[in-house]
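K.L.:
Mind having a look at this structure? Questions to follow.
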Amino acid sequence: MDLNTILALFTKFATIGGGLWLVWGAIQTGINLRDHNGPGIQGGIWQIVGGGLIIAAAQLFSAIAL
């Protein structure tokens with residue numbers, strides 16, 4: 001297994017993980033919006049932002065040229 005393959009695999013898993021984190025944040029935000037739970041809504045929004053940052057970081061990491 002060469003380094004480019006490992007990088008591609010890492011990027012794929014990080015992107016999938018960030019996407020799952022983002023989706024779970026959206027679910028949490030929706031649940032908390034229904035219950036009118038302010039701190040829960042805020043937590044869900046920050047989780048969505050965190051998932052987006054993980055995806056962005058993974059894509060930037062894949063742009064590294066070796």
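Residues are referred to by chain and number: the chain letter is A, B, ... according to the order shown in the structure tokens, the number counts from 1 in that chain, and ligands are numbered separately from 1 in the order shown.
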Write out as a list in words each polymer residue whose atoms come within 12 Å of Ile27 of chain A, counting only C-alpha atoms; drop sequence neighbours fewer than 6 positions from it.

P.N.:
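Within the cut-off, the hits are Leu20, Trp21, Leu33, Arg34, Gly40, Ile41, Gly43, Gly44, Ile45, Gln47 and Ile48 of chain A.
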
K.L.:
For the residues in the current selection, export C-alpha atoms as a PDB file, in the first residue's frame.

P.N.:
```pdb
ATOM      1  CA  LEU A  20     -22.507  11.495   9.268  1.00  0.00           C
ATOM      2  CA  TRP A  21     -21.676  14.064  11.963  1.00  0.00           C
ATOM      3  CA  LEU A  33     -36.685  22.696  17.299  1.00  0.00           C
ATOM      4  CA  ARG A  34     -39.810  20.590  17.768  1.00  0.00           C
ATOM      5  CA  GLY A  40     -30.210  21.682  22.168  1.00  0.00           C
ATOM      6  CA  ILE A  41     -30.810  23.700  18.993  1.00  0.00           C
ATOM      7  CA  GLY A  43     -25.695  22.234  20.086  1.00  0.00           C
ATOM      8  CA  GLY A  44     -27.179  20.759  16.923  1.00  0.00           C
ATOM      9  CA  ILE A  45     -26.191  23.793  14.864  1.00  0.00           C
ATOM     10  CA  GLN A  47     -22.554  19.920  15.319  1.00  0.00           C
ATOM     11  CA  ILE A  48     -23.622  20.761  11.738  1.00  0.00           C
TER      12      ILE A  48
END
```

K.L.:
Rounded to one decimal, what separation in Å do you get between atom CA of Ala14 of chain A and atom CA of Met1 of chain A?

P.N.:
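Between atom CA of Ala14 of chain A and atom CA of Met1 of chain A the gap is 18.7 Å.
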
K.L.:
Quick check, in Å to one decimal: how far apart do atom CA of Pro39 of chain A and atom CA of Gly51 of chain A lie?

P.N.:
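That distance, rounded to one decimal, is 18.4 Å.
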
K.L.:
Atom CA of Gly18 of chain A and atom CA of Ile64 of chain A are how many Å apart?

P.N.:
18.9 Å

K.L.:
Give me the residues within 12 Å of Phe13 of chain A as a list in words, counting only C-alpha atoms and dropping any in the same chain fewer than 4 places off.

P.N.:
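With the cut-off at 12 Å, the set is Ile6, Leu7, Ala8, Leu9, Gly17, Gly18, Gly19, Leu20, Ile54, Ile55, Ala58, Gln59 and Ser62 of chain A.
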
K.L.:
From the set A:Ala63, A:Ala56, A:Ala26, A:Asp35, which residue has the shortest atom-to-atom contact distance to Asn4 of chain A, counting only C-alpha atoms?

P.N.:
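The answer is A:Ala63, which sits nearest to Asn4 of chain A.
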